[in-house]
Amino acid sequence: MKLKIAESIFVVLISGLLLTACAGGASIVNNWPGISANDKNAYLASGGYIYAVNLTNGAEVWRYPEKQEANKNFYAPPALKDDLLVVGSYNHELYGLDANTRVERWTYAKAT
């Protein structure tokens, strides 16, 4: 009887170890999306993208970057001044984007 209990505990421990090993890969960012808006678009920072959404029809105008990059995860509301959109990422960088075209104007690394 004691052998069955020991075997059961061993199987549960090994199963737990193996199952947690399967959880590798890209980490999931858990944050609240940040949103800012002007008179025509809303700008949403969420996870791996910054989205520009048309306020009139709800259509996506653009997203930055075009393809998700593992080291870029955005948080907090983007700062918007005229046509400059400034947003921070979890990799300690600030990005200055053209709010109309998503073109990256500048980056500032080591923004801690």
# chains A, B, ... in the order shown; residues from 1 in each chain; ligands from 1
>>> residues_around(residues="Gly48 in chain A", least_positions_apart="3", cutoff="7 Å", atoms="only C-alpha atoms", output="ChimeraX atom specification")
/A:68-69,72-74
>>> atom_distance(atom1="CA of Glu60 in chain A", atom2="CA of Trp106 in chain A")
23.1 Å
>>> residues_around(residues="Thr107 in chain A", least_positions_apart="4", cutoff="10 Å", atoms="only C-alpha atoms", output="NGL selection string")
:A and (86-88 or 93-97 or 111)
>>> write_last_selection(atoms="all heavy atoms", output="CSV table (one decimal), in the first residue's frame")
chain,number,residue,atom,x,y,z
A,86,VAL,N,3.9,59.6,-28.9
A,86,VAL,CA,5.1,59.1,-28.1
A,86,VAL,C,4.5,58.0,-27.3
A,86,VAL,O,3.5,58.2,-26.5
A,86,VAL,CB,5.7,60.2,-27.3
A,86,VAL,CG1,6.9,59.6,-26.4
A,86,VAL,CG2,6.2,61.3,-28.1
A,87,VAL,N,5.2,56.8,-27.3
A,87,VAL,CA,4.7,55.7,-26.6
A,87,VAL,C,5.9,54.9,-26.0
A,87,VAL,O,7.0,54.9,-26.6
A,87,VAL,CB,3.8,54.7,-27.5
A,87,VAL,CG1,4.6,54.2,-28.6
A,87,VAL,CG2,3.2,53.7,-26.7
A,88,GLY,N,5.7,54.4,-24.8
A,88,GLY,CA,6.7,53.6,-24.1
A,88,GLY,C,6.5,52.1,-24.2
A,88,GLY,O,5.4,51.7,-24.4
A,93,GLU,N,12.2,51.5,-23.9
A,93,GLU,CA,12.4,52.4,-25.0
A,93,GLU,C,11.2,53.3,-25.2
A,93,GLU,O,10.1,52.9,-25.0
A,93,GLU,CB,12.7,51.7,-26.3
A,93,GLU,CG,14.1,51.0,-26.3
A,93,GLU,CD,14.5,50.4,-27.7
A,93,GLU,OE1,13.7,50.6,-28.7
A,93,GLU,OE2,15.5,49.8,-27.7
A,94,LEU,N,11.4,54.5,-25.7
A,94,LEU,CA,10.3,55.4,-26.1
A,94,LEU,C,10.4,55.5,-27.6
A,94,LEU,O,11.5,55.5,-28.2
A,94,LEU,CB,10.5,56.8,-25.5
A,94,LEU,CG,10.3,57.0,-24.0
A,94,LEU,CD1,10.6,58.4,-23.6
A,94,LEU,CD2,8.8,56.7,-23.7
A,95,TYR,N,9.2,55.5,-28.2
A,95,TYR,CA,9.1,55.6,-29.7
A,95,TYR,C,8.3,56.9,-30.0
A,95,TYR,O,7.3,57.1,-29.5
A,95,TYR,CB,8.4,54.4,-30.3
A,95,TYR,CG,9.1,53.1,-30.0
A,95,TYR,CD1,8.9,52.4,-28.8
A,95,TYR,CD2,10.1,52.6,-30.9
A,95,TYR,CE1,9.6,51.2,-28.6
A,95,TYR,CE2,10.8,51.5,-30.7
A,95,TYR,CZ,10.5,50.8,-29.5
A,95,TYR,OH,11.2,49.6,-29.3
A,96,GLY,N,8.8,57.7,-31.0
A,96,GLY,CA,8.2,58.8,-31.5
A,96,GLY,C,7.6,58.5,-32.9
A,96,GLY,O,8.4,58.2,-33.8
A,97,LEU,N,6.3,58.4,-33.0
A,97,LEU,CA,5.7,58.0,-34.3
A,97,LEU,C,4.9,59.2,-34.9
A,97,LEU,O,4.3,60.0,-34.2
A,97,LEU,CB,4.8,56.9,-34.1
A,97,LEU,CG,5.3,55.6,-33.4
A,97,LEU,CD1,4.2,54.6,-33.2
A,97,LEU,CD2,6.4,55.0,-34.2
A,111,ALA,N,15.2,54.3,-21.6
A,111,ALA,CA,14.2,55.2,-21.0
A,111,ALA,C,13.8,54.5,-19.7
A,111,ALA,O,12.8,53.7,-19.7
A,111,ALA,CB,13.1,55.5,-21.9
>>> atom_distance(atom1="CA of Ala109 in chain A", atom2="CA of Asn91 in chain A")
8.5 Å
>>> closest_residue(among="A:Ala59, A:Val103, A:Ile9, A:Ala42", to="Ala79 in chain A", atoms="only C-alpha atoms")
A:Ala42
>>> residues_around(residues="Leu84 in chain A", least_positions_apart="6", cutoff="10 Å", atoms="only C-alpha atoms", output="number ranges by chain")
A: 78, 95-100, 102, 104-105
>>> write_last_selection(atoms="N, CA, C and O atoms", output="PDB file, in the first residue's frame")
ATOM      1  N   PRO A  78      -0.622  56.389 -25.140  1.00  0.00           N
ATOM      2  CA  PRO A  78       0.360  57.148 -25.912  1.00  0.00           C
ATOM      3  C   PRO A  78       0.159  58.638 -25.672  1.00  0.00           C
ATOM      4  O   PRO A  78      -0.967  59.104 -25.503  1.00  0.00           O
ATOM      5  N   TYR A  95       9.209  55.544 -28.236  1.00  0.00           N
ATOM      6  CA  TYR A  95       9.105  55.638 -29.684  1.00  0.00           C
ATOM      7  C   TYR A  95       8.327  56.888 -30.040  1.00  0.00           C
ATOM      8  O   TYR A  95       7.257  57.133 -29.486  1.00  0.00           O
ATOM      9  N   GLY A  96       8.848  57.668 -30.970  1.00  0.00           N
ATOM     10  CA  GLY A  96       8.151  58.822 -31.507  1.00  0.00           C
ATOM     11  C   GLY A  96       7.640  58.477 -32.889  1.00  0.00           C
ATOM     12  O   GLY A  96       8.430  58.234 -33.804  1.00  0.00           O
ATOM     13  N   LEU A  97       6.321  58.427 -33.050  1.00  0.00           N
ATOM     14  CA  LEU A  97       5.718  58.031 -34.321  1.00  0.00           C
ATOM     15  C   LEU A  97       4.924  59.181 -34.915  1.00  0.00           C
ATOM     16  O   LEU A  97       4.349  59.989 -34.184  1.00  0.00           O
ATOM     17  N   ASP A  98       4.889  59.234 -36.234  1.00  0.00           N
ATOM     18  CA  ASP A  98       4.001  60.171 -36.903  1.00  0.00           C
ATOM     19  C   ASP A  98       2.583  59.640 -36.716  1.00  0.00           C
ATOM     20  O   ASP A  98       2.276  58.511 -37.109  1.00  0.00           O
ATOM     21  N   ALA A  99       1.705  60.417 -36.121  1.00  0.00           N
ATOM     22  CA  ALA A  99       0.353  59.965 -35.791  1.00  0.00           C
ATOM     23  C   ALA A  99      -0.493  59.698 -37.031  1.00  0.00           C
ATOM     24  O   ALA A  99      -1.467  58.953 -36.962  1.00  0.00           O
ATOM     25  N   ASN A 100      -0.130  60.269 -38.162  1.00  0.00           N
ATOM     26  CA  ASN A 100      -0.905  60.075 -39.384  1.00  0.00           C
ATOM     27  C   ASN A 100      -0.435  58.888 -40.215  1.00  0.00           C
ATOM     28  O   ASN A 100      -1.235  58.240 -40.873  1.00  0.00           O
ATOM     29  N   ARG A 102       2.258  56.465 -39.059  1.00  0.00           N
ATOM     30  CA  ARG A 102       2.948  55.467 -38.244  1.00  0.00           C
ATOM     31  C   ARG A 102       4.458  55.412 -38.481  1.00  0.00           C
ATOM     32  O   ARG A 102       5.154  54.566 -37.941  1.00  0.00           O
ATOM     33  N   GLU A 104       8.176  55.844 -37.958  1.00  0.00           N
ATOM     34  CA  GLU A 104       8.975  56.053 -36.743  1.00  0.00           C
ATOM     35  C   GLU A 104       9.896  57.243 -36.973  1.00  0.00           C
ATOM     36  O   GLU A 104      10.772  57.219 -37.827  1.00  0.00           O
ATOM     37  N   ARG A 105       9.694  58.307 -36.202  1.00  0.00           N
ATOM     38  CA  ARG A 105      10.533  59.501 -36.326  1.00  0.00           C
ATOM     39  C   ARG A 105      11.811  59.365 -35.513  1.00  0.00           C
ATOM     40  O   ARG A 105      12.862  59.818 -35.926  1.00  0.00           O
TER      41      ARG A 105
END
>>> atom_distance(atom1="CA of Ala76 in chain A", atom2="CA of Ala52 in chain A")
14.7 Å
>>> residues_around(residues="Asn41 in chain A", least_positions_apart="3", cutoff="12 Å", atoms="only C-alpha atoms", output="MDAnalysis selection string")
chainID A and resid 35:38 44 51:62 80 83 85 99:101
>>> write_last_selection(atoms="N, CA and C atoms", output="short mmCIF file (atom, residue, chain, number, x, y, z; two decimals), in the first residue's frame")
data_model
loop_
_atom_site.label_atom_id
_atom_site.label_comp_id
_atom_site.auth_asym_id
_atom_site.auth_seq_id
_atom_site.Cartn_x
_atom_site.Cartn_y
_atom_site.Cartn_z
N ILE A 35 -5.10 54.34 -24.07
CA ILE A 35 -5.74 54.94 -25.23
C ILE A 35 -5.68 56.46 -25.15
N SER A 36 -5.42 57.06 -26.29
CA SER A 36 -5.45 58.52 -26.46
C SER A 36 -6.19 58.80 -27.76
N ALA A 37 -6.67 60.01 -27.92
CA ALA A 37 -7.42 60.32 -29.14
C ALA A 37 -7.26 61.79 -29.52
N ASN A 38 -7.43 62.04 -30.80
CA ASN A 38 -7.57 63.40 -31.29
C ASN A 38 -8.93 63.49 -31.97
N LEU A 44 -4.35 53.30 -29.60
CA LEU A 44 -4.41 52.29 -28.56
C LEU A 44 -3.08 51.57 -28.46
N TYR A 51 -2.22 50.79 -32.18
CA TYR A 51 -3.26 50.84 -33.22
C TYR A 51 -3.77 52.26 -33.36
N ALA A 52 -4.02 52.66 -34.61
CA ALA A 52 -4.76 53.89 -34.89
C ALA A 52 -6.11 53.45 -35.43
N VAL A 53 -7.19 53.93 -34.79
CA VAL A 53 -8.54 53.53 -35.17
C VAL A 53 -9.34 54.78 -35.52
N ASN A 54 -9.99 54.76 -36.66
CA ASN A 54 -10.79 55.88 -37.10
C ASN A 54 -12.01 56.01 -36.20
N LEU A 55 -12.24 57.19 -35.64
CA LEU A 55 -13.35 57.39 -34.72
C LEU A 55 -14.71 57.44 -35.41
N THR A 56 -14.73 57.75 -36.70
CA THR A 56 -15.99 57.83 -37.43
C THR A 56 -16.59 56.46 -37.71
N ASN A 57 -15.74 55.54 -38.22
CA ASN A 57 -16.27 54.24 -38.63
C ASN A 57 -15.68 53.04 -37.88
N GLY A 58 -14.72 53.27 -37.00
CA GLY A 58 -14.13 52.19 -36.21
C GLY A 58 -13.12 51.34 -36.96
N ALA A 59 -12.75 51.73 -38.16
CA ALA A 59 -11.80 50.96 -38.96
C ALA A 59 -10.37 51.20 -38.49
N GLU A 60 -9.57 50.15 -38.58
CA GLU A 60 -8.14 50.29 -38.25
C GLU A 60 -7.47 51.09 -39.37
N VAL A 61 -6.80 52.17 -38.98
CA VAL A 61 -6.09 53.02 -39.93
C VAL A 61 -4.68 52.45 -40.17
N TRP A 62 -3.99 52.16 -39.09
CA TRP A 62 -2.67 51.53 -39.15
C TRP A 62 -2.35 50.87 -37.83
N LEU A 80 0.09 62.30 -27.12
CA LEU A 80 -0.20 62.84 -28.45
C LEU A 80 -0.09 64.36 -28.41
N ASP A 83 0.95 66.08 -34.43
CA ASP A 83 1.01 64.83 -35.19
C ASP A 83 2.13 63.91 -34.68
N LEU A 85 3.17 61.09 -31.88
CA LEU A 85 2.66 60.12 -30.92
C LEU A 85 3.87 59.50 -30.22
N ALA A 99 1.70 60.42 -36.12
CA ALA A 99 0.35 59.97 -35.79
C ALA A 99 -0.49 59.70 -37.03
N ASN A 100 -0.13 60.27 -38.16
CA ASN A 100 -0.91 60.08 -39.38
C ASN A 100 -0.44 58.89 -40.22
N THR A 101 0.87 58.62 -40.18
CA THR A 101 1.43 57.61 -41.10
C THR A 101 2.11 56.43 -40.40
#
>>> select_by_dssp(residues="range 57-105 of chain A", states="strand (DSSP E or B)", output="ChimeraX atom specification")
/A:60-64,74-81,84-89,93-98,104-105
